[in-house]
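S.K.: As input, take target-v3.cif (mmCIF, C-alpha atoms):
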```cif
data_data
loop_
_atom_site.label_atom_id
_atom_site.label_comp_id
_atom_site.auth_asym_id
_atom_site.auth_seq_id
_atom_site.Cartn_x
_atom_site.Cartn_y
_atom_site.Cartn_z
CA MET A 1 -50.26 -90.05 -50.15
CA SER A 2 -47.39 -88.95 -47.94
CA VAL A 3 -45.05 -91.53 -46.56
CA GLN A 4 -44.72 -91.25 -42.81
CA PRO A 5 -41.14 -91.63 -41.60
CA LYS A 6 -40.56 -94.72 -39.58
CA PRO A 7 -40.48 -93.93 -35.88
CA VAL A 8 -36.98 -94.20 -34.54
CA SER A 9 -36.64 -95.94 -31.21
CA GLN A 10 -34.46 -94.57 -28.44
CA GLU A 11 -32.09 -97.50 -28.87
CA ASP A 12 -31.80 -96.92 -32.62
CA GLU A 13 -31.11 -93.23 -32.00
CA ALA A 14 -28.40 -94.08 -29.47
CA ILE A 15 -26.75 -96.46 -31.92
CA ARG A 16 -27.01 -93.89 -34.71
CA LEU A 17 -25.30 -91.28 -32.54
CA LEU A 18 -22.65 -93.77 -31.47
CA VAL A 19 -21.84 -94.68 -35.05
CA LYS A 20 -21.80 -91.04 -36.10
CA ASN A 21 -19.32 -90.17 -33.37
CA ALA A 22 -17.28 -93.25 -34.15
CA ALA A 23 -17.03 -92.17 -37.77
CA ALA A 24 -15.71 -88.84 -36.49
CA GLY A 25 -12.89 -90.74 -34.78
CA LYS A 26 -14.09 -90.40 -31.19
CA GLU A 27 -12.56 -93.15 -29.11
CA ASP A 28 -15.38 -93.22 -26.56
CA ALA A 29 -17.86 -93.96 -29.31
CA TRP A 30 -15.69 -96.80 -30.58
CA ARG A 31 -15.48 -98.21 -27.10
CA GLY A 32 -19.27 -98.09 -26.96
CA LEU A 33 -19.57 -99.94 -30.25
CA VAL A 34 -17.03 -102.52 -29.18
CA ASP A 35 -18.80 -103.04 -25.86
CA THR A 36 -22.16 -103.42 -27.59
CA TYR A 37 -21.27 -105.67 -30.49
CA SER A 38 -17.89 -107.33 -30.14
CA ARG A 39 -18.98 -110.28 -28.02
CA ARG A 40 -21.99 -110.90 -30.22
CA VAL A 41 -19.74 -110.99 -33.27
CA PHE A 42 -17.34 -113.24 -31.41
CA ALA A 43 -20.13 -115.63 -30.42
CA MET A 44 -21.23 -116.01 -34.04
CA ALA A 45 -17.70 -116.76 -35.16
CA ARG A 46 -17.11 -119.06 -32.21
CA SER A 47 -20.28 -121.03 -32.94
CA ARG A 48 -19.24 -121.73 -36.51
CA LEU A 49 -15.49 -122.18 -36.12
CA HIS A 50 -15.27 -123.84 -32.67
CA ASP A 51 -12.04 -121.99 -31.98
CA ASP A 52 -11.70 -119.14 -29.48
CA ASP A 53 -8.49 -117.69 -30.93
CA LEU A 54 -9.78 -117.81 -34.48
CA ALA A 55 -13.08 -116.28 -33.39
CA GLU A 56 -11.23 -113.40 -31.75
CA GLU A 57 -9.13 -112.98 -34.86
CA ILE A 58 -12.27 -112.84 -37.00
CA THR A 59 -13.83 -110.33 -34.60
CA GLN A 60 -10.79 -108.09 -34.84
CA SER A 61 -10.82 -108.38 -38.60
CA VAL A 62 -14.50 -107.40 -38.73
CA PHE A 63 -13.97 -104.34 -36.53
CA VAL A 64 -10.89 -103.25 -38.44
CA THR A 65 -12.96 -103.38 -41.63
CA VAL A 66 -15.77 -101.43 -39.98
CA ALA A 67 -13.34 -98.83 -38.60
CA THR A 68 -11.60 -98.45 -41.93
CA LYS A 69 -14.85 -98.00 -43.85
CA LEU A 70 -16.43 -95.67 -41.30
CA CYS A 71 -13.41 -93.44 -40.89
CA GLN A 72 -12.66 -93.28 -44.60
CA ASP A 73 -16.12 -92.93 -46.07
CA GLY A 74 -17.82 -91.33 -43.07
CA TYR A 75 -21.17 -92.30 -41.69
CA ASN A 76 -24.02 -92.65 -44.12
CA GLU A 77 -27.21 -91.76 -42.29
CA GLN A 78 -29.23 -94.02 -44.56
CA GLY A 79 -27.05 -97.02 -43.99
CA ARG A 80 -28.09 -99.30 -41.14
CA PHE A 81 -25.16 -100.19 -38.99
CA GLU A 82 -26.24 -103.49 -37.43
CA PRO A 83 -27.18 -105.32 -40.62
CA TRP A 84 -23.96 -104.10 -42.17
CA LEU A 85 -21.84 -105.24 -39.24
CA PHE A 86 -23.37 -108.70 -39.08
CA ARG A 87 -23.26 -109.13 -42.83
CA ILE A 88 -19.51 -108.48 -42.69
CA THR A 89 -19.29 -110.98 -39.84
CA MET A 90 -21.20 -113.65 -41.72
CA ASN A 91 -19.11 -113.22 -44.83
CA ARG A 92 -15.86 -113.28 -42.88
CA VAL A 93 -16.89 -116.40 -40.96
CA ARG A 94 -18.06 -118.11 -44.12
CA ASP A 95 -14.80 -117.33 -45.91
CA GLU A 96 -12.78 -118.66 -43.00
CA PHE A 97 -14.93 -121.76 -42.73
CA ARG A 98 -14.48 -122.50 -46.42
CA ARG A 99 -10.76 -121.86 -46.19
CA ARG A 100 -10.47 -124.28 -43.31
CA SER A 101 -12.63 -126.82 -45.08
CA ARG A 102 -10.30 -126.77 -48.07
CA HIS A 103 -7.26 -127.37 -45.90
CA ALA A 104 -8.88 -129.63 -43.34
CA ARG A 105 -7.78 -133.21 -42.93
CA PRO A 106 -10.36 -135.90 -42.20
CA THR A 107 -10.81 -136.02 -38.47
CA ASP A 108 -12.41 -138.58 -36.27
CA PRO A 109 -15.70 -136.95 -35.20
CA SER A 110 -15.61 -138.66 -31.81
CA HIS A 111 -12.28 -137.01 -31.07
CA LEU A 112 -13.69 -133.63 -32.08
CA GLN A 113 -16.68 -134.10 -29.83
CA ASP A 114 -14.49 -135.11 -26.89
CA THR A 115 -12.49 -131.93 -27.27
CA LYS A 116 -15.57 -129.75 -27.37
CA VAL A 117 -17.12 -131.44 -24.35
CA HIS A 118 -13.96 -130.93 -22.40
CA HIS A 119 -13.86 -127.23 -23.29
CA ASP A 120 -17.50 -126.53 -22.63
CA THR A 121 -17.77 -128.36 -19.32
CA GLN A 122 -15.09 -126.09 -17.95
CA SER A 123 -17.41 -123.12 -17.88
CA THR A 124 -20.98 -124.38 -18.19
CA PRO A 125 -22.81 -126.89 -16.07
CA THR A 126 -24.80 -128.24 -18.98
CA ASP A 127 -23.36 -130.24 -21.81
CA THR A 128 -23.49 -128.08 -24.91
CA ALA A 129 -21.73 -130.53 -27.18
CA PRO A 130 -24.86 -132.28 -28.52
CA LEU A 131 -26.47 -128.95 -29.32
CA ARG A 132 -23.32 -127.71 -31.09
CA ALA A 133 -23.10 -130.94 -33.03
CA ALA A 134 -26.75 -130.59 -34.02
CA ILE A 135 -26.22 -127.00 -35.20
CA ASP A 136 -23.27 -128.17 -37.29
CA GLN A 137 -25.65 -130.44 -39.19
CA LEU A 138 -28.03 -127.67 -40.24
CA ASN A 139 -27.82 -126.20 -43.70
CA ASP A 140 -26.24 -122.78 -44.17
CA THR A 141 -29.45 -120.73 -44.19
CA ASP A 142 -30.99 -122.39 -41.14
CA ARG A 143 -27.74 -122.12 -39.29
CA GLN A 144 -27.41 -118.42 -40.10
CA ILE A 145 -30.88 -117.74 -38.73
CA ILE A 146 -30.17 -119.67 -35.54
CA GLU A 147 -26.80 -118.01 -34.96
CA LEU A 148 -27.96 -114.49 -35.80
CA ARG A 149 -30.90 -114.94 -33.47
CA HIS A 150 -29.32 -116.68 -30.48
CA HIS A 151 -25.64 -115.74 -30.68
CA GLY A 152 -25.95 -112.34 -32.33
CA GLN A 153 -29.06 -111.46 -30.29
CA LEU A 154 -30.74 -109.88 -33.28
CA SER A 155 -34.44 -109.40 -33.72
CA PHE A 156 -36.23 -111.08 -36.61
CA LYS A 157 -36.65 -107.66 -38.17
CA GLN A 158 -32.89 -107.12 -38.07
CA ILE A 159 -32.27 -110.61 -39.42
CA SER A 160 -34.71 -109.88 -42.21
CA ASP A 161 -32.67 -106.77 -43.09
CA ILE A 162 -29.47 -108.81 -43.17
CA LEU A 163 -30.77 -111.77 -45.15
CA ASN A 164 -33.21 -109.77 -47.30
CA GLN A 165 -36.10 -112.04 -46.42
CA PRO A 166 -39.54 -111.21 -45.06
CA VAL A 167 -39.98 -111.54 -41.32
CA GLY A 168 -42.74 -114.14 -41.78
CA THR A 169 -40.49 -116.32 -43.88
CA LEU A 170 -37.75 -116.04 -41.29
CA LEU A 171 -40.10 -117.00 -38.46
CA ALA A 172 -41.16 -120.06 -40.37
CA ARG A 173 -37.57 -121.00 -41.20
CA HIS A 174 -36.52 -120.50 -37.60
CA HIS A 175 -39.26 -122.77 -36.38
CA ARG A 176 -38.33 -125.38 -38.94
CA ALA A 177 -34.67 -125.15 -37.93
CA LEU A 178 -35.66 -125.71 -34.30
CA LYS A 179 -37.59 -128.79 -35.29
CA LYS A 180 -34.59 -130.08 -37.20
CA LEU A 181 -32.35 -129.51 -34.21
CA LYS A 182 -34.73 -131.30 -31.95
CA ALA A 183 -34.92 -134.18 -34.38
CA ILE A 184 -31.13 -134.38 -34.60
CA MET A 185 -30.69 -134.28 -30.84
CA ASP A 186 -33.53 -136.64 -30.10
CA PRO A 187 -33.78 -139.11 -32.94
CA THR A 188 -36.48 -141.13 -31.14
CA PRO A 189 -39.60 -141.05 -33.30
CA GLN A 190 -42.41 -138.86 -31.99
CA SER A 191 -44.86 -141.69 -31.84
CA GLU A 192 -42.44 -143.87 -29.92
CA SER A 193 -41.84 -141.22 -27.31
CA SER A 194 -45.54 -140.59 -26.85
CA GLU A 195 -46.06 -144.31 -26.35
CA ASN A 196 -43.41 -144.30 -23.67
CA GLN A 197 -45.09 -141.38 -21.93
CA SER A 198 -48.45 -143.15 -21.92
CA MET B 1 -45.26 -106.84 -29.98
CA ASN B 2 -41.62 -106.90 -29.04
CA GLU B 3 -39.68 -108.08 -32.06
CA ASN B 4 -36.86 -109.35 -29.95
CA ASN B 5 -39.17 -111.89 -28.36
CA LEU B 6 -40.91 -112.80 -31.56
CA ASN B 7 -40.81 -116.58 -31.60
CA HIS B 8 -43.16 -119.36 -32.39
CA HIS B 9 -44.56 -120.45 -29.08
CA ASP B 10 -44.30 -124.12 -29.48
CA PRO B 11 -43.99 -126.12 -26.28
CA GLU B 12 -41.88 -128.65 -28.14
CA THR B 13 -39.24 -126.07 -29.04
CA ASP B 14 -39.38 -123.72 -26.03
CA ALA B 15 -36.81 -125.78 -24.15
CA LEU B 16 -34.59 -125.84 -27.21
CA ILE B 17 -34.85 -122.06 -27.54
CA GLU B 18 -33.73 -121.74 -23.94
CA GLN B 19 -30.78 -124.04 -24.63
CA LEU B 20 -29.82 -122.04 -27.70
CA ASP B 21 -30.03 -118.77 -25.75
CA ALA B 22 -27.85 -120.30 -23.04
CA LEU B 23 -25.35 -121.47 -25.65
CA GLY B 24 -25.22 -118.02 -27.23
CA SER B 25 -24.76 -116.42 -23.83
CA HIS B 26 -21.97 -118.86 -23.03
CA ASP B 27 -20.16 -118.05 -26.28
CA ARG B 28 -20.50 -114.33 -25.64
CA THR B 29 -18.94 -114.66 -22.20
CA THR B 30 -16.10 -116.91 -23.38
CA PRO B 31 -13.57 -114.13 -24.05
CA ASP B 32 -11.64 -112.86 -21.05
CA ALA B 33 -11.85 -109.37 -19.59
CA GLY B 34 -9.12 -108.01 -21.85
CA PHE B 35 -11.00 -108.92 -25.03
CA GLU B 36 -12.47 -105.47 -25.61
CA GLN B 37 -9.15 -103.74 -24.96
CA ARG B 38 -7.34 -106.00 -27.41
CA LEU B 39 -9.99 -105.15 -29.94
CA MET B 40 -9.58 -101.43 -29.29
CA ASP B 41 -5.83 -101.80 -29.70
CA SER B 42 -6.27 -103.55 -33.04
CA ILE B 43 -8.45 -100.77 -34.44
CA SER B 44 -6.69 -97.84 -32.78
CA THR B 45 -4.63 -97.05 -35.85
CA LYS B 46 -7.77 -96.91 -37.98
CA ILE B 47 -9.75 -94.63 -35.71
CA ALA B 48 -7.00 -92.06 -35.13
CA PRO B 49 -8.24 -88.61 -36.03
CA THR B 50 -7.54 -87.77 -39.60
CA PRO B 51 -4.50 -85.52 -39.97
CA LEU B 52 -4.94 -81.91 -40.88
CA PRO B 53 -5.43 -81.32 -44.58
CA ILE B 54 -2.22 -79.34 -44.71
CA ALA B 55 -0.29 -82.47 -43.84
CA ASN B 56 -1.72 -84.18 -46.89
CA ALA B 57 -1.47 -81.22 -49.15
CA PRO B 58 0.94 -81.78 -52.02
CA ILE B 59 4.15 -79.90 -51.64
CA PRO B 60 4.26 -77.33 -54.43
CA GLN B 61 6.99 -78.24 -56.83
CA PRO B 62 8.92 -75.49 -58.59
CA ASN B 63 7.30 -75.00 -61.93
CA PHE B 64 10.20 -75.05 -64.31
CA MET B 65 9.60 -73.40 -67.61
CA PRO B 66 9.82 -75.46 -70.74
CA GLY B 67 13.22 -75.56 -72.39
CA TRP B 68 12.58 -73.02 -75.13
CA LYS B 69 11.10 -70.50 -72.71
CA PHE B 70 14.05 -70.87 -70.39
CA ASN B 71 16.48 -70.33 -73.28
CA ILE B 72 14.73 -67.13 -74.37
CA ALA B 73 14.70 -65.79 -70.82
CA ALA B 74 18.40 -66.55 -70.39
CA ALA B 75 19.28 -64.87 -73.71
CA LEU B 76 17.30 -61.75 -72.76
CA LEU B 77 19.04 -61.65 -69.41
CA ILE B 78 22.48 -61.89 -71.00
CA VAL B 79 21.71 -59.24 -73.61
CA GLY B 80 20.37 -56.92 -70.95
CA GLY B 81 23.41 -57.45 -68.75
CA VAL B 82 25.83 -56.79 -71.55
CA SER B 83 23.91 -53.67 -72.60
CA LEU B 84 24.04 -52.32 -69.08
CA LEU B 85 27.78 -52.97 -68.94
CA LEU B 86 28.40 -51.20 -72.22
CA TRP B 87 26.26 -48.24 -71.26
CA THR B 88 28.12 -47.90 -67.98
CA ALA B 89 31.49 -48.01 -69.76
CA GLY B 90 30.36 -45.40 -72.31
CA ASN B 91 29.35 -42.98 -69.60
CA ALA B 92 32.56 -43.49 -67.66
CA SER B 93 34.39 -40.65 -69.55
CA ASN B 94 31.81 -38.08 -68.44
CA LEU B 95 32.48 -38.73 -64.85
CA GLN B 96 34.62 -36.24 -62.83
CA PRO B 97 37.85 -37.66 -61.47
CA ILE B 98 37.54 -38.23 -57.86
CA GLN B 99 40.30 -36.31 -56.11
CA ALA B 100 38.76 -35.81 -52.80
CA PRO B 101 40.44 -38.77 -51.19
CA ALA B 102 43.91 -37.49 -52.24
CA GLN B 103 43.21 -34.01 -50.82
CA ILE B 104 41.90 -35.42 -47.71
CA THR B 105 45.02 -37.50 -47.37
CA SER B 106 47.39 -34.57 -47.84
CA VAL B 107 45.44 -32.36 -45.46
CA SER B 108 45.45 -35.05 -42.93
CA LEU B 109 49.18 -35.54 -43.23
CA GLU B 110 49.88 -31.86 -42.86
CA GLU B 111 47.74 -31.67 -39.81
CA ASP B 112 49.50 -34.66 -38.45
CA PHE B 113 52.89 -33.07 -39.07
CA ASP B 114 51.79 -29.84 -37.42
CA ALA B 115 50.55 -31.69 -34.47
CA LEU B 116 53.77 -33.59 -34.18
CA TYR B 117 55.77 -30.41 -34.57
CA ASN B 118 53.74 -28.65 -31.89
CA LEU B 119 54.13 -31.59 -29.69
CA THR B 120 57.89 -31.52 -30.13
CA ASP B 121 57.96 -27.81 -29.31
CA PHE B 122 55.90 -28.41 -26.28
CA ALA B 123 58.24 -31.16 -25.24
CA SER B 124 61.34 -29.00 -25.67
CA ASP B 125 59.76 -26.13 -23.72
CA LEU B 126 58.82 -28.52 -21.03
CA GLU B 127 62.34 -29.87 -20.97
CA ASN B 128 63.76 -26.37 -20.58
CA ASP B 129 61.39 -25.63 -17.76
CA ILE B 130 62.38 -28.82 -16.03
CA ASP B 131 66.07 -27.93 -16.41
CA GLU B 132 65.51 -24.52 -14.90
CA LEU B 133 63.64 -26.00 -12.01
CA ASP B 134 66.40 -28.48 -11.51
CA LEU B 135 68.96 -25.71 -11.49
CA LEU B 136 67.06 -23.68 -8.95
CA THR B 137 66.69 -26.72 -6.78
CA ASN B 138 70.39 -27.32 -6.79
CA GLU B 139 71.09 -23.73 -5.90
CA MET B 140 68.72 -23.84 -2.99
CA HIS B 141 70.24 -27.05 -1.87
CA THR B 142 73.68 -25.54 -1.89
CA GLU B 143 72.57 -22.48 0.01
CA LEU B 144 70.77 -24.53 2.60
CA SER B 145 73.67 -26.86 3.22
CA LEU B 146 74.07 -27.79 6.90
CA PRO B 147 77.27 -25.89 8.09
CA SER B 148 76.20 -22.57 6.77
CA VAL B 149 72.76 -22.93 8.15
CA LEU B 150 74.08 -23.85 11.53
CA MET B 151 76.37 -20.89 11.43
CA GLU B 152 73.57 -18.59 10.61
CA LEU B 153 71.38 -20.08 13.29
CA SER B 154 73.96 -19.67 15.98
CA ASN B 155 74.55 -16.06 15.02
CA THR B 156 70.93 -15.31 15.07
CA SER B 157 70.32 -16.81 18.54
CA LEU B 158 73.09 -14.79 20.14
CA THR B 159 71.98 -11.51 18.67
CA ASP B 160 68.24 -12.02 18.91
CA THR B 161 66.52 -9.65 21.39
CA SER B 162 62.91 -10.15 20.63
CA PRO B 163 60.73 -11.67 23.35
CA GLU B 164 59.48 -14.44 21.11
CA GLY B 165 63.04 -15.50 20.26
CA SER B 166 64.26 -16.09 23.83
CA LEU B 167 64.63 -19.66 25.02
#
```
Please render this file's structure as structure tokens.
M.R.:
Amino acid sequence: MSVQPKPVSQEDEAIRLLVKNAAAGKEDAWRGLVDTYSRRVFAMARSRLHDDDLAEEITQSVFVTVATKLCQDGYNEQGRFEPWLFRITMNRVRDEFRRRSRHARPTDPSHLQDTKVHHDTQSTPTDTAPLRAAIDQLNDTDRQIIELRHHGQLSFKQISDILNQPVGTLLARHHRALKKLKAIMDPTPQSESSENQS
Amino acid sequence: MNENNLNHHDPETDALIEQLDALGSHDRTTPDAGFEQRLMDSISTKIAPTPLPIANAPIPQPNFMPGWKFNIAAALLIVGGVSLLLWTAGNASNLQPIQAPAQITSVSLEEDFDALYNLTDFASDLENDIDELDLLTNEMHTELSLPSVLMELSNTSLTDTSPEGSL
């Protein structure tokens, strides 16, 4: 039985070419990669660290690592760029989060929330603070799925490549994480709310 | 099925998915317009084209011989040099004395003396000629002195009968 090669989408082919040219040191290709991925990487770091400057620093660090590896080792056709990039991002964010947690002083949560509300209301009409606070309460795995999906704009297939989990499992975990978020944001029991509606 | 839109369609969580998408979009648009350029600047040193291999090639170092080899080579060189010197000195007696430069010198001196001598002769002859000319000039000057000339002229005009000579 012959194994049929997986059909390569036009988007995948464009990314493959971009990465290949980037590995050859072409600046245009790097600009393309930066335009495509940098804000998605930033958003993931920003979501976890709640700090714009630190998120930008992490983003720069991730791209410096990618540039160093690509230009030194060249582009491996078999390697998938996106999972690699976001795995580096996740590891870098996790390391930074742990580092900060070790050095963090106990802070009044209400003060933290006030700060975030002030920042977010400057640019968005809706209040994002409760949602951010709810995400902060998720466990690491659920949070990763939520952030890779909604901040990194990755498909479940791509997330499955990054986390080495089947797509079905990820779908189920994503749905469960959504339920948790909803429960955190709206602690009113389901039955109680349905009674109020009736 | 589009994998990017693969979600559980649960009416209870649809609104939450929209909120999460909006939050992600907000975080992606948080950086200012110079964000990408700052990023490019930070990686520019890493993406510079790799230098030509020649630039990285190790500079060939002179391969010095080991000590014992160097000593043998130096001894051979000295022995060879000394042998050549001795051989040259031994053959020196067979060589004809070089007299050509002395002959050339004497010939040249003689020629020079001859030339000088001729030149002196020429000068003395020339001097004699000049003296003779000077003498003749003086004589002519004496003969053509004014009184005598006038005398001769007056005599000539009185005795002249030719048609061209009449005033």
S.K.: Can you tell me, as an MDAnalysis selection string, what residues are no more than 10 Å from A:Leu18 when counting all atoms listed in the file, ignoring any on the same chain fewer than 6 positions away?
M.R.: chainID A and resid 12 24 26 28:33
S.K.: Please indicate the distance in Å from atom CA of A:Thr89 to atom CA of A:Ala183, rounded to one decimal place.
M.R.: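 We find that atom CA of A:Thr89 and atom CA of A:Ala183 lie 28.5 Å from each other.
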S.K.: Write down, as a list in words, each residue of chain A that has any atom within 6 Å of an atom of chain B, counting only C-alpha atoms.
M.R.: Gly25, Arg39, Arg40, Ala43, Gln60, Val64, Ala67, Thr68, His150, His151 and Ser155 of chain A
S.K.: Suppose you want the space between atom CA of A:Leu163 and atom CA of A:Cys71; what is it in Å?
M.R.: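 Computed distance, atom CA of A:Leu163 to atom CA of A:Cys71, equals 25.6 Å.
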S.K.: Have a look at atom CA of A:Lys69 and atom CA of A:Gly152 and let me know their distance in Å, one decimal.
M.R.: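 So the answer is 21.5 Å.
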S.K.: On this structure, the PyMOL selection byres ((chain A and resi 146) around 10) would catch which residues? List them as a PyMOL selection string, sorted by chain and number.
M.R.: (chain A and resi 44+135+138+140-145+147-153+173-175+177-178) or (chain B and resi 17+20-21+24)
S.K.: Could you spell out the hits of the PyMOL selection byres ((chain A and resi 83-85) around 8) on the shown file, as an MDAnalysis selection string?
M.R.: chainID A and resid 62 66 79:82 86:89 158:159 161:162
S.K.: With all atoms listed in the file as the atoms that count, which of A:Phe97, A:Pro187, A:Asp127, A:Val167 lies nearest to A:Asp51?
M.R.: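 Looking at the shortest contact to A:Asp51, the residue is A:Phe97.
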S.K.: A:Lys179, A:Ser61, A:Ile184, A:His103: which is nearest B:Pro11, counting all atoms listed in the file?
M.R.: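 Ranked by minimum distance to B:Pro11, first place goes to A:Lys179.
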S.K.: Pull stretch 59-67 of chain A out of the block and emit all heavy atoms, as a short mmCIF file (atom, residue, chain, number, x, y, z; two decimals), in the first residue's frame.
M.R.:
```
data_model
loop_
_atom_site.label_atom_id
_atom_site.label_comp_id
_atom_site.auth_asym_id
_atom_site.auth_seq_id
_atom_site.Cartn_x
_atom_site.Cartn_y
_atom_site.Cartn_z
N THR A 59 8.60 38.50 22.42
CA THR A 59 8.44 38.33 20.98
C THR A 59 9.79 38.47 20.27
O THR A 59 10.13 37.68 19.39
CB THR A 59 7.44 39.36 20.42
OG1 THR A 59 6.25 39.32 21.20
CG2 THR A 59 7.11 39.08 18.97
N GLN A 60 10.52 39.49 20.67
CA GLN A 60 11.85 39.69 20.06
C GLN A 60 12.74 38.49 20.34
O GLN A 60 13.46 38.02 19.45
CB GLN A 60 12.49 40.96 20.61
CG GLN A 60 11.85 42.22 20.05
CD GLN A 60 12.59 43.49 20.44
OE1 GLN A 60 13.63 43.43 21.09
NE2 GLN A 60 12.04 44.63 20.06
N SER A 61 12.69 38.02 21.57
CA SER A 61 13.53 36.88 21.95
C SER A 61 13.18 35.64 21.11
O SER A 61 14.07 34.90 20.66
CB SER A 61 13.33 36.61 23.44
OG SER A 61 13.73 35.33 23.78
N VAL A 62 11.88 35.45 20.90
CA VAL A 62 11.43 34.28 20.10
C VAL A 62 11.96 34.41 18.67
O VAL A 62 12.51 33.45 18.11
CB VAL A 62 9.89 34.19 20.11
CG1 VAL A 62 9.40 33.19 19.05
CG2 VAL A 62 9.38 33.79 21.48
N PHE A 63 11.84 35.59 18.09
CA PHE A 63 12.26 35.75 16.69
C PHE A 63 13.78 35.71 16.54
O PHE A 63 14.28 35.25 15.52
CB PHE A 63 11.67 37.04 16.10
CG PHE A 63 10.30 36.82 15.52
CD1 PHE A 63 9.18 36.87 16.31
CD2 PHE A 63 10.14 36.53 14.18
CE1 PHE A 63 7.91 36.65 15.79
CE2 PHE A 63 8.89 36.29 13.63
CZ PHE A 63 7.77 36.35 14.44
N VAL A 64 14.47 36.19 17.55
CA VAL A 64 15.94 36.08 17.50
C VAL A 64 16.35 34.60 17.51
O VAL A 64 17.23 34.17 16.77
CB VAL A 64 16.58 36.85 18.67
CG1 VAL A 64 18.04 36.45 18.85
CG2 VAL A 64 16.49 38.35 18.43
N THR A 65 15.67 33.82 18.36
CA THR A 65 15.95 32.38 18.40
C THR A 65 15.66 31.73 17.06
O THR A 65 16.46 30.94 16.53
CB THR A 65 15.09 31.71 19.50
OG1 THR A 65 15.38 32.32 20.75
CG2 THR A 65 15.38 30.23 19.59
N VAL A 66 14.50 32.08 16.50
CA VAL A 66 14.11 31.50 15.20
C VAL A 66 15.12 31.89 14.13
O VAL A 66 15.56 31.04 13.33
CB VAL A 66 12.69 31.98 14.82
CG1 VAL A 66 12.37 31.63 13.37
CG2 VAL A 66 11.65 31.34 15.73
N ALA A 67 15.51 33.16 14.11
CA ALA A 67 16.46 33.64 13.10
C ALA A 67 17.81 32.94 13.25
O ALA A 67 18.42 32.53 12.27
CB ALA A 67 16.63 35.15 13.22
#
```
